[in-house]
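A.B. asks: This structure is in structure tokens; I'll ask about it shortly.
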Number of protein chains: 2
Amino acid sequence: MKHQEILFSNDINSAINKAVEGVEFNRLFILVDVNVDQFVMPFLADNVNIKGAFKILIKAGDVNKNLESLSYIWKQLVEAGATRHSLLLNIGGGMITDIGGFAASTFKRGIKFFNIPTTLLGAVDAAVGGKTGINFNSLKNELGAFREAEAVIISTKFFDTLPLSEIKSGYAEMLKHGLLSSEYSFSHLLDYDFNNPNHDMLLKLLQESVEVKRKVVADDPFEKGIRRALNLGHTVGHAFESTAMQRFEPISHGYAVAWGMLVELILSNMILKFDSNILNVYARFVNENYGVFHITCDDYDALIELMHHDKKSNHGELNFSLLKAVGDVKINCEVSSDDVKVALDIYRDMLHI
Amino acid sequence: MKHQEILFSNDINSAINKAVEGVEFNRLFILVDVNVDQFVMPFLADNVNIKGAFKILIKAGDVNKNLESLSYIWKQLVEAGATRHSLLLNIGGGMITDIGGFAASTFKRGIKFFNIPTTLLGAVDAAVGGKTGINFNSLKNELGAFREAEAVIISTKFFDTLPLSEIKSGYAEMLKHGLLSSEYSFSHLLDYDFNNPNHDMLLKLLQESVEVKRKVVADDPFEKGIRRALNLGHTVGHAFESTAMQRFEPISHGYAVAWGMLVELILSNMILKFDSNILNVYARFVNENYGVFHITCDDYDALIELMHHDKKSNHGELNFSLLKAVGDVKINCEVSSDDVKVALDIYRDMLHI
């Protein structure tokens with residue numbers, strides 16, 4: 001996969017203009033959802049490139065990341081005369097960059113696209129890595145393609161429109177990247193104070209974080225090996241997310257990952273002797289900033305069943321990415337159900353549930 | 001793009017078994033249309049691998065190479081429990097390998113697939129080169145992806161079920177590959193006698209022909225440059241195909257290409273001094289084996305309009321791949337409408353229309 005350009009800037013209009021002017025194309029399209037159209041587009045009102053573009057507007061929310069919205073985007077591209085040489089700007093959260101990237105990857109067998117994430121989660125996770133897709137038949141990201149954006153333009157300026165819980169949700173993926181990187185990076189991340197936001201510091205931390213992901217993806221673009229490191233926290237996290245859904249009390253992806261990582265660091269400590277001091281510091285940070293996800297021992301069997309169904313498991317065993325130390329990940333760790341139950345017990349102890 | 005395996009064999013069951021056994025997967029799926037199911041599957045009835053596979057059956061014909069059939073394939077894959085480690089065998093003509101390749105490229109961001117073409121056109125053209133896709137909004141191949149099959153298994157044994165006109169249709173693409181290759185290859189192709197079919201000779205010619213295409217594709221997997229050489233005959237051919245459609249007298253793709261190549265060789269002679277002896281030999285071969293496509297000078301403007309709409313033209317000019325000599329192609333030749341009209345005049349002269 002070729003190297004994509006990632007621009008970090010809080011002067012967003014100049015960054016967009018620079019990126020757009022650096023690419024050859026014959027027609028410009030932008031994809032936004034109704035929320036982005038209302039709250040974010042005013043930031044870009046004076047942008048000469050955006051003004052001249054054809055706007056494709058879809059409904060917001062993961063529930064609309066489906067074949068119906070995708071067909072609508074394809075149809076709009078056809079009807080507005082997009083060709084193989086057109087360019088699509090996806091402006092929005094992960095939902096927009098996922099579906100827009102998939103639409104662009106498959107329209108005339110692939111046209112160029114940019115991702116301009118407007119959420120922290122989108123910036124740190126969805127906009128980089130080449131994963132595009134939609135939900136299908138009630139399954140998340142069941143259809144999609146691997147294809148990187150021509151350019152990704154990241155600004156923390158957009159995040160002013162987000163509630164604190166959304167910032168925290170995205171931050172969980174940054175914590176994951178810190179754990180995959182170094183004790184130095186990770187400790188910096190734990191110093192950040194959500195109650196005292198600092199956009200320049202956040203942009204800098206974000207830049208480091210995206211670099212960690214970029215390196216892992218470059219080593220394994222099609223997720224055949226080491227990229228599974230990025231699943232840290234996600235096997236348990238997805239099980240928590242599904243459980244919350246079944247309780248009709250949905251939780252955000254990032255919170256689920258923050259809690260899931262705690263369980264997986266406990267497993268790392270049990271199985272790979274991951275440092276218990278760091279585990280304790282992380283547990284405290286989670287407790288203070290994310291609170292707790294409530295489970296009882298009656299939930300264990302259902303949670304383990306959900307972990308089995310997670311697409312990361314291969315031949316049916318429970319398969320985790322775990323840490324020997326910060327920055328030292330082991331993929332494909334097989335873990336018994338009994339060990340997972342012990343880890344869930346410890347999780348409840350640490351969070352006083 | 002990684003190198004795909006292409007097996008040529010008239011012992012089709014052994015070839016399939018060898019290919020299937022050489023790949024790791026957890027579940028086998030086959031995609032066929034109703035015609036293939038009726039006429040071709042009996043050849044494979046004893047194949048142990050095919051027997052155990054889950055069969056996905058769709059309607060036949062290019063008109064069904066659409067989003068509805070694609071959704072049905074995706075749904076069948078989900079419901080029959082396909083995972084990222086499943087394998088799909090596309091058994092059929094170009095319609096099946098196009099839509100099946102697209103389904104496999106996009107299911108869980110890509111699962112492995114084999115192409116087993118059952119028509120000559122499919123074998124020589126559609127099964128190799130990584131182009132997958134469907135028609136959308138009345139436009140041919142409007143949606144799709146570039147993705148090569150893990151393996152392509154080619155046997156001339158299947159072609160026994162085909163009418164002669166279908167063989168000739170596929171053969172036109174082989175003639176094109178001959179023109180792109182060498183005078184030696186091309187003259188061999190002109191020696192073939194359709195009235196006296198020889199399956200071993202055809203398999204050998206086919207193998208050479210696929211090799212020509214494989215080399216061109218390897219040099220330019222995403223069709224940014226030299227791969228446009230493979231459009232030889234297609235700019236005019238597509239215009240003939242569309243005209244025939246408008247007359248409600250559809251012609252097959254291969255016949256359109258055979259006639260289209262004649263017009264484009266005439267242009268090659270006019271503009272690049274392509275050898276007029278070879279042009280005459282080719283015109284005779286076309287006349288004897290394909291007959292003529294009737295046009296009058298009243299059709300010229302509409303034909304040129306159609307050529308402008310062909311997706312191969314870039315900024316709006318008439319853009320052809322032409323030959324300086326057999327084996328020496330020039331892509332991106334700009335040609336005036338007046339020159340095209342002269343070439344159409346000569347085409348009518350040569351075919352005594």
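By order of appearance in the structure tokens: chains A, B, ..., then residues from 1 within every chain, and ligands from 1 in the order shown.
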Please identify all polymer residues within 12 Å of Ser321 (chain A), counting only C-alpha atoms, omitting same-chain residues fewer than 3 positions from it, and present them as an MDAnalysis selection string.

C.D. replies: chainID A and resid 176 179:180 225:236 260:261 263:265 267:268 271:272 312:313 318 324 328:335

A.B. asks: Dump N, CA and C atoms for the selected residues as a short mmCIF file (atom, residue, chain, number, x, y, z; two decimals), in the first residue's frame?

C.D. replies:
data_model
loop_
_atom_site.label_atom_id
_atom_site.label_comp_id
_atom_site.auth_asym_id
_atom_site.auth_seq_id
_atom_site.Cartn_x
_atom_site.Cartn_y
_atom_site.Cartn_z
N LYS A 176 -4.36 3.02 24.05
CA LYS A 176 -3.95 1.74 23.47
C LYS A 176 -2.65 1.91 22.69
N LEU A 179 0.22 2.16 25.01
CA LEU A 179 0.60 0.85 25.55
C LEU A 179 1.41 0.03 24.54
N LEU A 180 1.12 0.23 23.26
CA LEU A 180 1.84 -0.50 22.22
C LEU A 180 3.18 0.16 21.90
N GLY A 225 -1.05 -10.39 10.46
CA GLY A 225 -0.21 -10.74 11.60
C GLY A 225 -0.17 -9.65 12.64
N ILE A 226 0.92 -8.90 12.65
CA ILE A 226 1.22 -7.98 13.75
C ILE A 226 0.18 -6.88 13.92
N ARG A 227 -0.59 -6.61 12.84
CA ARG A 227 -1.63 -5.59 12.98
C ARG A 227 -2.65 -5.97 14.04
N ARG A 228 -2.74 -7.27 14.32
CA ARG A 228 -3.67 -7.70 15.37
C ARG A 228 -3.32 -7.09 16.72
N ALA A 229 -2.09 -6.59 16.84
CA ALA A 229 -1.71 -5.86 18.06
C ALA A 229 -2.73 -4.76 18.35
N LEU A 230 -3.27 -4.17 17.28
CA LEU A 230 -4.23 -3.07 17.45
C LEU A 230 -5.55 -3.55 18.05
N ASN A 231 -5.71 -4.89 18.16
CA ASN A 231 -6.91 -5.42 18.81
C ASN A 231 -6.82 -5.39 20.32
N LEU A 232 -5.68 -4.96 20.84
CA LEU A 232 -5.54 -4.88 22.30
C LEU A 232 -6.78 -4.18 22.90
N GLY A 233 -7.37 -4.83 23.88
CA GLY A 233 -8.54 -4.26 24.54
C GLY A 233 -9.85 -4.51 23.82
N HIS A 234 -9.78 -4.94 22.57
CA HIS A 234 -10.99 -5.00 21.76
C HIS A 234 -11.77 -6.31 21.89
N THR A 235 -11.09 -7.39 22.21
CA THR A 235 -11.82 -8.66 22.33
C THR A 235 -12.79 -8.57 23.51
N VAL A 236 -12.28 -8.12 24.66
CA VAL A 236 -13.16 -7.92 25.81
C VAL A 236 -14.05 -6.68 25.58
N GLY A 260 -12.13 -2.78 28.47
CA GLY A 260 -11.63 -4.05 27.90
C GLY A 260 -10.12 -4.15 28.05
N MET A 261 -9.43 -3.00 27.87
CA MET A 261 -7.98 -3.02 28.02
C MET A 261 -7.58 -3.36 29.44
N VAL A 263 -9.15 -5.38 31.50
CA VAL A 263 -9.23 -6.85 31.63
C VAL A 263 -8.05 -7.51 30.91
N GLU A 264 -7.72 -6.99 29.74
CA GLU A 264 -6.65 -7.63 28.97
C GLU A 264 -5.26 -7.34 29.57
N LEU A 265 -5.10 -6.22 30.27
CA LEU A 265 -3.83 -5.99 30.99
C LEU A 265 -3.74 -6.92 32.20
N LEU A 267 -5.03 -9.94 32.24
CA LEU A 267 -4.61 -11.21 31.61
C LEU A 267 -3.12 -11.17 31.28
N SER A 268 -2.65 -10.02 30.80
CA SER A 268 -1.23 -9.86 30.46
C SER A 268 -0.38 -10.07 31.70
N ILE A 271 -0.56 -13.90 32.63
CA ILE A 271 0.02 -14.87 31.69
C ILE A 271 1.44 -14.47 31.27
N LEU A 272 1.65 -13.15 31.08
CA LEU A 272 2.95 -12.71 30.56
C LEU A 272 3.73 -11.85 31.56
N LYS A 312 -11.98 -11.74 15.56
CA LYS A 312 -10.54 -11.94 15.67
C LYS A 312 -10.17 -13.38 16.00
N SER A 313 -11.09 -14.15 16.58
CA SER A 313 -10.74 -15.53 16.89
C SER A 313 -10.74 -16.34 15.59
N LEU A 318 -10.08 -18.90 22.23
CA LEU A 318 -10.06 -17.51 22.67
C LEU A 318 -8.68 -16.96 22.37
N LYS A 324 3.60 -8.18 27.12
CA LYS A 324 4.63 -8.65 28.05
C LYS A 324 5.11 -7.44 28.87
N ASP A 328 5.70 -4.04 24.19
CA ASP A 328 6.11 -5.41 23.81
C ASP A 328 4.87 -6.30 23.75
N VAL A 329 4.25 -6.36 22.54
CA VAL A 329 2.99 -7.07 22.39
C VAL A 329 3.21 -8.48 21.86
N LYS A 330 2.38 -9.41 22.32
CA LYS A 330 2.38 -10.77 21.78
C LYS A 330 1.00 -11.02 21.16
N ILE A 331 0.96 -11.27 19.84
CA ILE A 331 -0.34 -11.56 19.23
C ILE A 331 -0.61 -13.05 19.33
N ASN A 332 -1.87 -13.43 19.07
CA ASN A 332 -2.27 -14.84 19.06
C ASN A 332 -1.99 -15.57 20.36
N CYS A 333 -2.27 -14.93 21.51
CA CYS A 333 -2.15 -15.63 22.79
C CYS A 333 -3.44 -16.41 23.02
N GLU A 334 -3.32 -17.71 23.16
CA GLU A 334 -4.52 -18.51 23.46
C GLU A 334 -4.75 -18.49 24.97
N VAL A 335 -5.99 -18.21 25.33
CA VAL A 335 -6.33 -18.03 26.74
C VAL A 335 -7.53 -18.91 27.05
#

A.B. asks: For region 107-119 of chain A, list every protein, DNA or RNA residue within 7 Å, evaluated using only C-alpha atoms, and leave out those in the same chain fewer than 3 positions away; present the list as an NGL selection string.

C.D. replies: (:A and (74 or 84-93 or 97 or 101 or 103-104 or 122-123 or 127 or 149-154 or 158-159)) or (:B and (142-146))

A.B. asks: I'd like to know which of A:Tyr72, A:Phe29, A:Phe285, A:Phe39 is closest to chain B, using only C-alpha atoms.

C.D. replies: A:Tyr72

A.B. asks: If I take CA of Asp125 (chain B) and CA of Asp339 (chain B), how far is one from the other in Å, to one decimal?

C.D. replies: 29.3 Å

A.B. asks: According to DSSP computed on the backbone, where in region 154-349 of chain B is there strand (DSSP E)? Give the residues as a count of residues only.

C.D. replies: 15
